[in-house]
file model_23.cif (mmCIF, C-alpha atoms)
data_target
loop_
_atom_site.label_atom_id
_atom_site.label_comp_id
_atom_site.auth_asym_id
_atom_site.auth_seq_id
_atom_site.Cartn_x
_atom_site.Cartn_y
_atom_site.Cartn_z
CA MET P 1404 86.41 206.50 88.87
CA THR P 1405 86.09 207.12 85.16
CA LEU P 1406 86.64 210.64 83.97
CA SER P 1407 84.73 211.59 80.83
CA VAL P 1408 84.66 214.73 78.82
CA ARG P 1409 81.49 215.80 77.14
CA ILE P 1410 81.54 217.85 74.04
CA PRO P 1411 78.44 219.88 73.37
CA PHE P 1412 77.01 218.29 70.25
CA LEU P 1413 75.57 221.34 68.47
CA PRO P 1414 78.70 223.56 68.58
CA PHE P 1415 80.80 220.60 67.52
CA LEU P 1416 78.52 219.83 64.56
CA VAL P 1417 78.60 223.48 63.43
CA ALA P 1418 82.40 223.50 63.62
CA CYS P 1419 82.62 220.33 61.54
CA LEU P 1420 80.27 221.68 58.88
CA LEU P 1421 82.23 224.95 58.65
CA ALA P 1422 85.49 223.02 58.28
CA MET P 1423 84.09 220.93 55.45
CA LEU P 1424 82.83 224.03 53.67
CA VAL P 1425 86.06 226.04 53.81
CA LEU P 1426 88.66 223.32 53.36
CA ALA P 1427 89.63 221.69 50.07
CA PRO P 1428 89.37 217.93 49.37
CA VAL P 1429 92.39 215.82 50.28
CA HIS P 1430 92.84 214.19 46.85
CA ALA P 1431 94.90 215.67 44.00
CA GLN P 1432 93.36 218.69 42.38
CA GLU P 1433 93.57 219.31 38.65
CA GLN P 1434 93.28 222.87 37.43
CA GLN P 1435 93.22 223.90 33.78
CA LEU P 1436 95.89 226.39 32.78
CA PRO P 1437 95.56 229.06 30.09
CA VAL P 1438 96.71 227.16 27.00
CA ALA P 1439 93.87 226.88 24.54
CA GLY P 1440 92.94 224.54 21.74
CA ASP P 1441 92.69 220.93 20.68
CA GLY P 1442 93.36 219.07 17.45
CA ALA P 1443 93.71 215.70 15.76
CA ILE P 1444 97.46 215.16 15.33
CA THR P 1445 99.46 213.60 18.19
CA PRO P 1446 103.17 214.11 18.88
CA SER P 1447 103.74 210.87 16.97
CA GLY P 1448 103.05 213.02 13.91
CA ILE P 1449 106.67 214.14 14.23
CA PRO P 1450 108.63 211.68 12.07
CA ARG P 1451 111.67 209.89 13.36
CA PRO P 1452 115.08 211.49 12.75
CA PRO P 1453 116.89 210.55 9.53
CA SER P 1454 117.52 206.79 9.49
CA ASP P 1455 120.73 207.08 7.46
CA VAL P 1456 122.68 208.85 10.23
CA THR P 1457 125.61 206.52 11.00
CA ALA P 1458 127.08 208.43 13.96
CA ALA P 1459 127.53 206.20 17.00
CA SER P 1460 126.12 209.05 19.10
CA PHE P 1461 124.29 212.22 18.19
CA ALA P 1462 122.28 214.96 19.86
CA LEU P 1463 120.14 217.73 18.39
CA MET P 1464 119.10 220.58 20.69
CA ASP P 1465 116.83 223.58 20.31
CA PHE P 1466 118.90 226.62 21.29
CA ASP P 1467 116.22 228.81 22.89
CA SER P 1468 114.58 226.13 25.02
CA GLY P 1469 117.41 223.68 25.57
CA LEU P 1470 115.01 220.88 24.60
CA MET P 1471 116.60 217.76 23.14
CA LEU P 1472 114.84 217.23 19.82
CA ALA P 1473 116.51 213.97 18.81
CA SER P 1474 119.34 211.78 20.03
CA ARG P 1475 121.11 208.45 19.82
CA GLU P 1476 123.14 207.26 22.80
CA PRO P 1477 123.57 210.88 23.89
CA GLN P 1478 125.09 209.97 27.27
CA VAL P 1479 127.58 207.35 26.11
CA GLU P 1480 131.10 208.55 26.88
CA ARG P 1481 133.34 208.95 23.82
CA GLU P 1482 136.69 210.50 23.02
CA PRO P 1483 136.29 214.20 22.23
CA ALA P 1484 139.33 214.62 19.97
CA SER P 1485 139.46 218.27 18.85
CA LEU P 1486 135.97 218.98 20.19
CA THR P 1487 137.98 219.59 23.36
CA LYS P 1488 138.95 222.94 21.83
CA VAL P 1489 135.37 224.18 22.27
CA MET P 1490 135.87 224.00 26.04
CA THR P 1491 139.30 225.62 25.68
CA ALA P 1492 137.67 228.48 23.79
CA TYR P 1493 134.91 228.79 26.39
CA VAL P 1494 137.45 229.25 29.18
CA VAL P 1495 139.51 231.74 27.15
CA PHE P 1496 136.39 233.68 26.11
CA GLY P 1497 135.45 233.92 29.77
CA GLU P 1498 138.84 235.39 30.67
CA ILE P 1499 138.49 237.98 27.90
CA THR P 1500 134.93 238.89 28.86
CA GLU P 1501 135.92 239.30 32.52
CA GLY P 1502 138.74 241.63 31.52
CA ARG P 1503 141.56 239.41 32.75
CA MET P 1504 143.11 239.30 29.27
CA ALA P 1505 142.61 241.03 25.93
CA LEU P 1506 142.61 240.03 22.28
CA ASP P 1507 145.70 242.13 21.63
CA ASP P 1508 147.72 240.64 24.53
CA MET P 1509 150.96 239.13 23.26
CA VAL P 1510 151.80 235.53 24.15
CA THR P 1511 155.33 234.13 24.11
CA VAL P 1512 155.28 230.68 22.52
CA SER P 1513 156.86 228.02 24.74
CA GLU P 1514 158.75 224.97 23.55
CA ARG P 1515 155.94 222.82 24.95
CA ALA P 1516 153.36 224.60 22.79
CA TRP P 1517 155.62 224.31 19.74
CA ARG P 1518 156.22 220.61 20.33
CA THR P 1519 152.48 219.98 20.73
CA GLY P 1520 152.05 221.33 17.22
CA MET P 1521 154.89 219.23 15.89
CA THR P 1522 153.52 215.96 17.27
CA GLY P 1523 149.86 216.65 16.54
CA ALA P 1524 147.89 216.36 13.31
CA SER P 1525 146.87 220.04 13.25
CA ARG P 1526 149.00 223.08 13.94
CA MET P 1527 149.13 226.83 13.45
CA PHE P 1528 152.89 226.85 12.70
CA ILE P 1529 153.97 229.10 15.57
CA GLU P 1530 157.64 229.09 16.58
CA VAL P 1531 159.41 228.87 19.95
CA GLY P 1532 159.94 232.33 21.49
CA GLU P 1533 157.62 234.03 19.00
CA GLU P 1534 155.24 236.74 20.26
CA VAL P 1535 151.70 236.03 19.05
CA ALA P 1536 148.49 237.98 19.74
CA VAL P 1537 145.72 236.21 21.66
CA GLU P 1538 143.34 236.89 18.77
CA ASP P 1539 145.65 235.18 16.29
CA LEU P 1540 145.99 232.19 18.61
CA LEU P 1541 142.20 231.97 18.89
CA ARG P 1542 141.88 231.92 15.11
CA GLY P 1543 144.67 229.39 14.91
CA MET P 1544 142.83 227.15 17.35
CA ILE P 1545 139.27 227.64 16.07
CA VAL P 1546 139.78 227.88 12.30
CA GLN P 1547 142.97 225.86 11.84
CA SER P 1548 142.41 223.51 14.82
CA GLY P 1549 145.97 224.23 15.93
CA ASN P 1550 147.08 222.06 18.83
CA ASP P 1551 150.05 224.38 19.32
CA ALA P 1552 147.75 227.42 19.56
CA SER P 1553 145.60 225.60 22.14
CA THR P 1554 148.58 224.91 24.39
CA ALA P 1555 149.91 228.45 24.03
CA LEU P 1556 146.54 229.89 25.08
CA ALA P 1557 146.28 227.49 28.01
CA GLU P 1558 149.70 228.43 29.32
CA HIS P 1559 148.98 232.14 28.93
CA VAL P 1560 145.69 231.89 30.86
CA ALA P 1561 146.72 229.62 33.72
CA GLY P 1562 150.52 229.54 33.73
CA SER P 1563 150.64 225.84 32.86
CA GLU P 1564 148.68 223.35 30.83
CA GLY P 1565 147.79 221.36 33.94
CA ALA P 1566 146.31 224.36 35.75
CA PHE P 1567 144.29 225.22 32.65
CA VAL P 1568 142.91 221.68 32.46
CA ASP P 1569 141.69 222.12 36.04
CA MET P 1570 139.85 225.25 34.89
CA MET P 1571 138.31 223.33 31.98
CA ASN P 1572 136.95 220.57 34.19
CA SER P 1573 135.67 223.03 36.78
CA GLN P 1574 133.85 224.91 34.03
CA ALA P 1575 132.39 221.67 32.69
CA ARG P 1576 130.85 220.95 36.10
CA GLU P 1577 129.39 224.45 36.30
CA LEU P 1578 127.74 223.99 32.90
CA GLY P 1579 126.20 220.67 33.92
CA MET P 1580 128.47 218.55 31.71
CA ARG P 1581 128.27 215.62 34.09
CA GLN P 1582 129.90 213.03 31.84
CA SER P 1583 132.92 214.95 30.55
CA TYR P 1584 136.54 215.00 31.61
CA PHE P 1585 139.34 216.78 29.77
CA ALA P 1586 143.01 215.82 30.10
CA ASN P 1587 144.52 218.54 27.90
CA PRO P 1588 143.41 221.69 26.02
CA HIS P 1589 143.64 220.25 22.49
CA GLY P 1590 142.17 216.73 22.51
CA LEU P 1591 145.18 214.75 21.32
CA PRO P 1592 145.35 211.22 22.77
CA SER P 1593 146.60 211.25 26.35
CA GLU P 1594 147.79 208.70 28.88
CA GLU P 1595 144.99 209.95 31.10
CA SER P 1596 141.50 209.01 29.95
CA GLN P 1597 139.45 211.87 28.53
CA TYR P 1598 135.84 211.68 27.46
CA THR P 1599 132.63 213.55 26.75
CA THR P 1600 129.18 212.82 25.34
CA ALA P 1601 127.06 214.16 22.50
CA GLN P 1602 124.67 215.60 25.07
CA ASP P 1603 127.44 217.40 26.94
CA MET P 1604 128.83 218.82 23.71
CA VAL P 1605 125.54 220.42 22.67
CA LEU P 1606 125.21 221.82 26.20
CA LEU P 1607 128.67 223.36 25.84
CA ALA P 1608 128.05 224.69 22.34
CA ARG P 1609 124.76 226.27 23.43
CA ALA P 1610 126.46 227.90 26.41
CA LEU P 1611 129.31 229.28 24.27
CA ILE P 1612 126.93 230.84 21.75
CA ARG P 1613 124.69 232.22 24.51
CA ASP P 1614 127.42 233.55 26.80
CA PHE P 1615 129.84 234.96 24.23
CA PRO P 1616 127.87 236.20 21.21
CA ASP P 1617 130.50 238.83 20.37
CA LEU P 1618 133.29 236.23 20.20
CA TYR P 1619 131.33 233.41 18.59
CA GLY P 1620 131.90 234.93 15.14
CA TYR P 1621 135.36 233.33 14.91
CA TYR P 1622 133.63 230.00 14.32
CA SER P 1623 132.16 231.16 11.01
CA GLU P 1624 135.54 232.10 9.48
CA ARG P 1625 136.33 229.83 6.55
CA SER P 1626 140.10 230.30 6.54
CA PHE P 1627 142.96 231.94 8.41
CA GLU P 1628 146.50 232.77 7.32
CA TYR P 1629 149.48 232.89 9.65
CA ASN P 1630 153.20 232.86 8.84
CA ASP P 1631 152.23 232.99 5.15
CA ILE P 1632 150.42 229.67 5.54
CA SER P 1633 146.69 229.73 4.80
CA GLN P 1634 144.53 226.94 6.16
CA SER P 1635 140.84 226.29 5.62
CA ASN P 1636 138.27 225.53 8.28
CA ARG P 1637 137.55 221.78 8.25
CA ASN P 1638 133.83 222.38 8.82
CA MET P 1639 132.45 221.85 5.30
CA LEU P 1640 129.04 223.19 6.33
CA LEU P 1641 130.38 226.76 6.30
CA TRP P 1642 130.64 226.51 2.51
CA ARG P 1643 127.49 224.51 1.87
CA ASP P 1644 124.77 226.20 3.90
CA SER P 1645 124.65 229.88 4.82
CA GLY P 1646 122.63 229.05 7.93
CA PHE P 1647 125.56 227.24 9.55
CA ASP P 1648 128.01 229.43 11.46
CA GLY P 1649 130.05 226.95 13.55
CA LEU P 1650 131.46 225.16 15.42
CA LYS P 1651 134.19 222.51 15.55
CA THR P 1652 135.40 219.32 13.92
CA GLY P 1653 137.37 216.55 15.56
CA TRP P 1654 139.12 213.33 14.63
CA THR P 1655 141.48 210.72 15.98
CA SER P 1656 141.79 207.14 14.82
CA SER P 1657 140.13 205.91 18.01
CA ALA P 1658 137.47 208.62 18.30
CA GLY P 1659 136.33 208.59 14.68
CA TYR P 1660 134.95 211.69 12.99
CA ASN P 1661 133.13 214.21 15.18
CA LEU P 1662 131.43 217.52 14.54
CA VAL P 1663 129.60 220.04 16.69
CA SER P 1664 127.59 222.42 14.52
CA SER P 1665 124.99 225.14 14.80
CA ALA P 1666 122.66 226.78 12.31
CA LYS P 1667 120.18 229.64 12.46
CA ARG P 1668 117.21 229.95 10.11
CA ASN P 1669 114.21 232.25 10.43
CA ASP P 1670 115.27 233.35 13.94
CA ARG P 1671 115.49 229.77 15.18
CA ARG P 1672 118.82 228.18 16.11
CA LEU P 1673 119.61 224.49 16.53
CA VAL P 1674 122.80 222.88 17.85
CA ALA P 1675 123.94 219.39 16.81
CA ALA P 1676 126.72 216.99 17.75
CA VAL P 1677 127.66 213.83 15.85
CA MET P 1678 130.36 211.55 17.26
CA GLY P 1679 132.04 208.29 16.38
CA ILE P 1680 131.50 208.31 12.61
CA GLU P 1681 133.60 205.70 10.80
CA ALA P 1682 135.08 206.36 7.38
CA ALA P 1683 137.84 205.04 5.12
CA ASP P 1684 139.69 208.34 4.82
CA HIS P 1685 139.57 212.03 5.81
CA GLN P 1686 137.68 213.08 2.69
CA GLN P 1687 134.92 210.56 3.31
CA GLY P 1688 134.88 211.23 7.05
CA GLY P 1689 134.70 215.00 6.65
CA THR P 1690 131.89 214.68 4.12
CA ARG P 1691 129.94 212.17 6.20
CA ARG P 1692 130.00 214.19 9.41
CA ALA P 1693 128.88 217.28 7.49
CA ASN P 1694 126.11 215.37 5.71
CA GLU P 1695 124.76 213.84 8.90
CA SER P 1696 124.88 217.09 10.85
CA GLN P 1697 123.06 218.90 8.07
CA ALA P 1698 120.45 216.13 7.83
CA LEU P 1699 119.71 216.36 11.55
CA VAL P 1700 119.41 220.15 11.51
CA ASN P 1701 117.22 220.08 8.39
CA TRP P 1702 114.95 217.52 10.08
CA GLY P 1703 114.67 219.61 13.24
CA MET P 1704 113.88 222.79 11.35
CA ARG P 1705 111.30 221.09 9.14
CA PHE P 1706 109.46 218.76 11.49
CA THR P 1707 109.62 220.31 14.96
CA ALA P 1708 108.51 223.51 16.65
CA THR P 1709 108.99 224.67 20.23
CA ARG P 1710 106.80 226.86 22.40
CA LYS P 1711 107.35 228.36 25.85
CA LEU P 1712 104.10 227.93 27.76
CA PHE P 1713 105.00 229.31 31.20
CA GLU P 1714 107.80 231.32 32.71
CA GLY P 1715 109.79 230.02 35.65
CA ALA P 1716 108.93 231.41 39.12
CA HIS P 1717 105.56 232.69 37.81
CA GLU P 1718 102.51 232.09 40.00
CA LEU P 1719 100.14 229.54 38.47
CA GLY P 1720 97.82 229.08 41.44
CA THR P 1721 97.36 229.35 45.21
CA PRO P 1722 96.19 226.00 46.60
CA ARG P 1723 95.11 225.46 50.21
CA VAL P 1724 97.77 224.67 52.83
CA TYR P 1725 96.94 222.87 56.08
CA ARG P 1726 98.53 223.39 59.52
CA GLY P 1727 100.38 226.46 58.27
CA ALA P 1728 100.87 230.07 59.29
CA ASP P 1729 99.33 230.85 55.88
CA THR P 1730 96.32 229.07 54.48
CA GLU P 1731 97.50 229.29 50.84
CA VAL P 1732 100.77 229.03 48.96
CA ALA P 1733 101.74 230.42 45.57
CA VAL P 1734 102.86 227.61 43.27
CA GLY P 1735 104.59 227.61 39.91
CA LEU P 1736 107.55 226.17 38.00
CA ALA P 1737 111.19 226.36 38.96
CA GLU P 1738 112.16 226.83 35.31
CA ALA P 1739 110.40 227.93 32.14
CA PHE P 1740 108.17 225.25 30.61
CA TRP P 1741 108.89 224.51 26.93
CA VAL P 1742 107.34 221.85 24.72
CA MET P 1743 108.12 220.37 21.32
CA VAL P 1744 105.23 219.88 18.91
CA PRO P 1745 104.68 219.43 15.17
CA PRO P 1746 104.84 222.81 13.38
CA GLY P 1747 101.48 224.55 13.38
CA ARG P 1748 100.22 222.76 16.49
CA GLU P 1749 101.68 225.17 19.04
CA ASP P 1750 98.24 226.58 19.91
CA ASP P 1751 96.52 223.18 20.11
CA LEU P 1752 97.75 222.31 23.58
CA ASP P 1753 95.93 221.66 26.85
CA ALA P 1754 97.75 222.20 30.13
CA SER P 1755 96.62 221.26 33.61
CA MET P 1756 98.04 221.79 37.08
CA GLU P 1757 97.72 218.80 39.37
CA VAL P 1758 98.25 219.59 43.07
CA HIS P 1759 99.03 216.72 45.43
CA GLN P 1760 96.56 217.48 48.19
CA PRO P 1761 96.62 217.79 51.10
CA LEU P 1762 99.52 220.24 51.28
CA GLU P 1763 100.74 220.48 54.86
CA ALA P 1764 103.11 222.99 56.43
CA PRO P 1765 105.96 223.45 56.85
CA LEU P 1766 106.70 223.99 53.13
CA ALA P 1767 109.98 225.40 51.86
CA ALA P 1768 110.31 227.38 48.64
CA GLY P 1769 111.09 224.89 45.89
CA ASP P 1770 109.38 221.91 47.52
CA PRO P 1771 107.46 219.81 44.96
CA VAL P 1772 103.70 220.09 45.41
CA GLY P 1773 102.40 218.55 42.17
CA GLU P 1774 103.04 218.76 38.45
CA VAL P 1775 102.05 220.60 35.31
CA VAL P 1776 100.90 218.25 32.55
CA VAL P 1777 100.63 219.25 28.90
CA ARG P 1778 98.60 217.21 26.42
CA LEU P 1779 98.05 217.30 22.70
CA ASP P 1780 94.88 215.56 21.53
CA GLY P 1781 94.63 213.91 24.94
CA GLU P 1782 98.15 212.45 24.85
CA VAL P 1783 100.65 213.59 27.48
CA ILE P 1784 103.66 215.13 25.76
CA ARG P 1785 105.51 216.63 28.74
CA THR P 1786 105.29 217.08 32.50
CA GLN P 1787 107.24 219.33 34.84
CA PRO P 1788 107.24 219.50 38.66
CA LEU P 1789 105.06 222.12 40.33
CA VAL P 1790 106.83 223.75 43.29
CA ALA P 1791 106.04 226.09 46.15
CA LEU P 1792 107.25 229.59 45.30
CA HIS P 1793 107.67 230.70 48.90
CA THR P 1794 107.99 229.25 52.37
CA VAL P 1795 104.99 228.48 54.59
CA GLU P 1796 105.93 228.03 58.24
CA GLN P 1797 104.05 225.75 60.57
CA GLY P 1798 101.00 227.42 62.12
CA GLY P 1799 100.15 227.89 65.76
CA LEU P 1800 98.54 225.31 68.01
CA VAL P 1801 94.97 226.37 67.24
CA ARG P 1802 95.59 226.27 63.45
CA ARG P 1803 97.22 222.84 63.66
CA LEU P 1804 94.38 221.40 65.77
CA TRP P 1805 91.67 222.91 63.59
CA ASP P 1806 93.21 221.70 60.32
CA GLY P 1807 94.02 218.32 61.86
CA ALA P 1808 90.38 217.85 62.79
CA ALA P 1809 89.25 218.89 59.31
CA LEU P 1810 91.67 216.48 57.62
CA GLY P 1811 90.53 213.68 59.91
CA ILE P 1812 86.90 214.31 59.04
CA GLN P 1813 87.62 214.46 55.32
CA ALA P 1814 89.60 211.21 55.47
CA ALA P 1815 86.75 209.47 57.23
CA TRP P 1816 84.00 211.10 55.15
CA PRO P 1817 85.33 212.20 51.73
CA PHE P 1818 82.96 214.32 49.69
#
call {"tool": "encode", "arguments": {"input": "model_23.cif", "output": "structure tokens"}}
result
Amino acid sequence: MTLSVRIPFLPFLVACLLAMLVLAPVHAQEQQLPVAGDGAITPSGIPRPPSDVTAASFALMDFDSGLMLASREPQVEREPASLTKVMTAYVVFGEITEGRMALDDMVTVSERAWRTGMTGASRMFIEVGEEVAVEDLLRGMIVQSGNDASTALAEHVAGSEGAFVDMMNSQARELGMRQSYFANPHGLPSEESQYTTAQDMVLLARALIRDFPDLYGYYSERSFEYNDISQSNRNMLLWRDSGFDGLKTGWTSSAGYNLVSSAKRNDRRLVAAVMGIEAADHQQGGTRRANESQALVNWGMRFTATRKLFEGAHELGTPRVYRGADTEVAVGLAEAFWVMVPPGREDDLDASMEVHQPLEAPLAAGDPVGEVVVRLDGEVIRTQPLVALHTVEQGGLVRRLWDGAALGIQAAWPF
């Protein structure tokens, strides 16, 4: 015997028609977002960075957005030399800000710290057993690039240089410096390999300026005197250009000449790193790294502009969800959406939200559901993932069957 089930035709037809009316199409949906304007110039209107930059690696970053404006081999690992001291300062600044130490704390100079100064190229001229204020040691490290001051600070913070190095590398991971490893607090050559990248150094410099604005001022000091010995900051840009207010030079024979710098003009700040510059002597090397850093910053200030189009975690739409406890989900961006454009073209952008339909439950907050695409004169200049802003649990049996039938019909008969 054959058992058959008859479905009344008219109620079934009505149900199908209702489903097709209330449910969205299964293909990707594009929705215009509120960024107005169009124009004639494409992003290629931004000229290339200066061609006479000789640095083996460089990176130029916009401070507010974190956008990389220009780079050359930004992720190639290179010796940091004294750029290491920027991470040392970041860790020490954090201890001060958290109240675990103070600028007027007195540090007893160990023989190890003294010997580091004696064997290194740069020193503050502190003596074994001497009591030195944390603030003086910071100036000795930042302005004079004192290797002895770096070791003294490390020992004061962590009890030993090795424990401090562990703190440095832990902090690097927290900041997203994925291609950096530090073997000591000063950057002198070590038996253990140590490395960083131009990209990681601008990330670190941006974080230091952002997280410790009250302590960052030490980097703009042109000279510091200790034990009746006055030494000048090796960053030539502090004398040349009033916009520059930091950060740190570095050199070893194997690393070449390095410089991490930052400048602020008309309320806009850029951060640059140049690494691996070759030169015949210190005078030429110091001049070349300053020239190339200044050229990159000048280019960025003159030929680029940045604009934040959307905030992170802000609702941009509520597309349809199938088989869920809710029939819609709020979608947006996990992080703020910034773009780089030629100056004056910030308002000539078109943005669209493309949802990858059909969206089916369960959806977790943060799951990708599409992308936001920004165009200038029809050319895509940046995309960023669109994510669900909250969780949508799987719906009940009736909801799952109803939506399953609707999706089946749409797949067989798209409209």
call {"tool": "closest_atom_pairs", "arguments": {"input": "model_23.cif", "of": "region 1566-1682 of chain P", "to": "region 1544-1556 of chain P", "cutoff": "12 Å", "atoms": "only C-alpha atoms", "output": "tab-separated table"}}
result
residue	atom	partner	partner_atom	distance
P:Ala1566	CA	P:Thr1554	CA	11.6
P:Phe1567	CA	P:Leu1556	CA	9.2
P:Val1568	CA	P:Thr1554	CA	10.4
P:Asn1587	CA	P:Thr1554	CA	8.3
P:Pro1588	CA	P:Ser1553	CA	5.9
P:His1589	CA	P:Asn1550	CA	5.3
P:Gly1590	CA	P:Asn1550	CA	8.1
P:Leu1591	CA	P:Asn1550	CA	8.0
P:Pro1592	CA	P:Asn1550	CA	11.7
P:Leu1618	CA	P:Ile1545	CA	11.3
P:Tyr1619	CA	P:Ile1545	CA	10.1
P:Gly1620	CA	P:Ile1545	CA	10.4
P:Tyr1621	CA	P:Ile1545	CA	7.0
P:Tyr1622	CA	P:Ile1545	CA	6.4
P:Ser1623	CA	P:Val1546	CA	8.4
P:Glu1624	CA	P:Val1546	CA	6.6
P:Arg1625	CA	P:Val1546	CA	7.0
P:Ser1626	CA	P:Val1546	CA	6.3
P:Phe1627	CA	P:Val1546	CA	6.5
P:Glu1628	CA	P:Gln1547	CA	9.0
P:Tyr1629	CA	P:Gln1547	CA	9.8
P:Ile1632	CA	P:Gln1547	CA	10.5
P:Ser1633	CA	P:Gln1547	CA	8.9
P:Gln1634	CA	P:Gln1547	CA	6.0
P:Ser1635	CA	P:Gln1547	CA	6.6
P:Asn1636	CA	P:Val1546	CA	4.9
P:Arg1637	CA	P:Val1546	CA	7.7
P:Asn1638	CA	P:Val1546	CA	8.8
P:Met1639	CA	P:Val1546	CA	11.8
P:Leu1641	CA	P:Val1546	CA	11.2
P:Asp1648	CA	P:Val1546	CA	11.9
P:Gly1649	CA	P:Ile1545	CA	9.6
P:Leu1650	CA	P:Ile1545	CA	8.2
P:Lys1651	CA	P:Ile1545	CA	7.2
P:Thr1652	CA	P:Ser1548	CA	8.2
P:Gly1653	CA	P:Ser1548	CA	8.6
P:Trp1654	CA	P:Ser1548	CA	10.7
call {"tool": "resolve_selection", "arguments": {"input": "model_23.cif", "expression": "the PyMOL selection byres ((chain P and resi 1599) around 6)", "output": "mmCIF file with C-alpha atoms, keeping the file's coordinate frame"}}
result
data_model
loop_
_atom_site.group_PDB
_atom_site.id
_atom_site.type_symbol
_atom_site.label_atom_id
_atom_site.label_comp_id
_atom_site.auth_asym_id
_atom_site.auth_seq_id
_atom_site.Cartn_x
_atom_site.Cartn_y
_atom_site.Cartn_z
ATOM 1 C CA GLU P 1480 131.100 208.550 26.880
ATOM 2 C CA ARG P 1481 133.340 208.950 23.820
ATOM 3 C CA PRO P 1483 136.290 214.200 22.230
ATOM 4 C CA GLN P 1582 129.900 213.030 31.840
ATOM 5 C CA SER P 1583 132.920 214.950 30.550
ATOM 6 C CA TYR P 1598 135.840 211.680 27.460
ATOM 7 C CA THR P 1600 129.180 212.820 25.340
#
call {"tool": "closest_atom_pairs", "arguments": {"input": "model_23.cif", "of": "region 1675-1731 of chain P", "to": "region 1657-1669 of chain P", "cutoff": "10 Å", "atoms": "all atoms listed in the file", "output": "tab-separated table"}}
result
residue	atom	partner	partner_atom	distance
P:Ala1675	CA	P:Ser1664	CA	5.3
P:Ala1676	CA	P:Val1663	CA	4.3
P:Val1677	CA	P:Leu1662	CA	5.4
P:Met1678	CA	P:Asn1661	CA	4.4
P:Gly1679	CA	P:Gly1659	CA	4.6
P:Ile1680	CA	P:Tyr1660	CA	4.8
P:Glu1681	CA	P:Gly1659	CA	5.6
P:Ala1682	CA	P:Gly1659	CA	7.7
P:His1685	CA	P:Tyr1660	CA	8.5
P:Gln1687	CA	P:Tyr1660	CA	9.7
P:Gly1688	CA	P:Tyr1660	CA	6.0
P:Gly1689	CA	P:Tyr1660	CA	7.2
P:Thr1690	CA	P:Tyr1660	CA	9.8
P:Arg1691	CA	P:Tyr1660	CA	8.5
P:Arg1692	CA	P:Leu1662	CA	6.3
P:Ala1693	CA	P:Leu1662	CA	7.5
P:Glu1695	CA	P:Leu1662	CA	9.5
P:Ser1696	CA	P:Ser1664	CA	7.0
P:Gln1697	CA	P:Ser1664	CA	8.6
P:Val1700	CA	P:Ala1666	CA	7.4
P:Asn1701	CA	P:Ala1666	CA	9.5
P:Met1704	CA	P:Arg1668	CA	8.0
call {"tool": "residues_around", "arguments": {"input": "model_23.cif", "residues": "region 1608-1617 of chain P", "least_positions_apart": "6", "cutoff": "12 Å", "atoms": "all atoms listed in the file", "output": "PyMOL selection string"}}
result
chain P and resi 1462-1471+1486-1501+1574-1575+1577-1580+1601-1602+1623+1648-1651+1662-1667+1672-1676
call {"tool": "atom_distance", "arguments": {"input": "model_23.cif", "atom1": "CA of Asp1770 (chain P)", "atom2": "CA of Leu1789 (chain P)"}}
result
8.4 Å
call {"tool": "residues_around", "arguments": {"input": "model_23.cif", "residues": "region 1730-1739 of chain P", "least_positions_apart": "4", "cutoff": "9 Å", "atoms": "all atoms listed in the file", "output": "PyMOL selection string"}}
result
chain P and resi 1468+1711-1726+1766+1769+1772+1774-1775+1787-1795
call {"tool": "atom_distance", "arguments": {"input": "model_23.cif", "atom1": "CA of Glu1558 (chain P)", "atom2": "CA of Val1510 (chain P)"}}
result
9.0 Å
call {"tool": "residues_around", "arguments": {"input": "model_23.cif", "residues": "region 1529-1538 of chain P", "least_positions_apart": "4", "cutoff": "8 Å", "atoms": "only C-alpha atoms", "output": "count of residues only"}}
result
17
call {"tool": "resolve_selection", "arguments": {"input": "model_23.cif", "expression": "the PyMOL selection byres ((chain P and resi 1776) around 8)", "output": "MDAnalysis selection string"}}
result
chainID P and resid 1754:1757 1774:1775 1777:1778 1783:1787
call {"tool": "atom_distance", "arguments": {"input": "model_23.cif", "atom1": "CA of Gly1781 (chain P)", "atom2": "CA of Ile1449 (chain P)"}}
result
16.1 Å
call {"tool": "residues_around", "arguments": {"input": "model_23.cif", "residues": "Pro1765 (chain P)", "least_positions_apart": "5", "cutoff": "7 Å", "atoms": "all atoms listed in the file", "output": "list in words"}}
result
Gly1727, Val1795, Glu1796 and Gln1797 of chain P
call {"tool": "resolve_selection", "arguments": {"input": "model_23.cif", "expression": "the PyMOL selection byres ((chain P and resi 1708) around 10)", "output": "PyMOL selection string"}}
result
chain P and resi 1449+1465+1472+1671+1703-1707+1709-1710+1742-1749
call {"tool": "decode", "arguments": {"input": "model_23.cif", "residues": "region 1578-1594 of chain P", "atoms": "C-alpha atoms", "output": "tab-separated table (two decimals), in the first residue's frame"}}
result
chain	number	residue	atom	x	y	z
P	1578	LEU	CA	50.76	46.03	21.26
P	1579	GLY	CA	50.57	43.76	18.22
P	1580	MET	CA	54.29	43.93	17.43
P	1581	ARG	CA	54.27	40.47	15.92
P	1582	GLN	CA	57.75	40.56	14.39
P	1583	SER	CA	59.80	41.98	17.25
P	1584	TYR	CA	61.98	40.35	19.86
P	1585	PHE	CA	64.20	42.20	22.33
P	1586	ALA	CA	67.22	40.61	24.02
P	1587	ASN	CA	68.23	43.53	26.25
P	1588	PRO	CA	66.93	47.00	27.26
P	1589	HIS	CA	69.47	49.06	25.28
P	1590	GLY	CA	69.91	47.48	21.84
P	1591	LEU	CA	73.62	46.74	21.92
P	1592	PRO	CA	74.60	43.63	19.93
P	1593	SER	CA	73.77	40.45	21.81
P	1594	GLU	CA	74.56	36.76	21.50
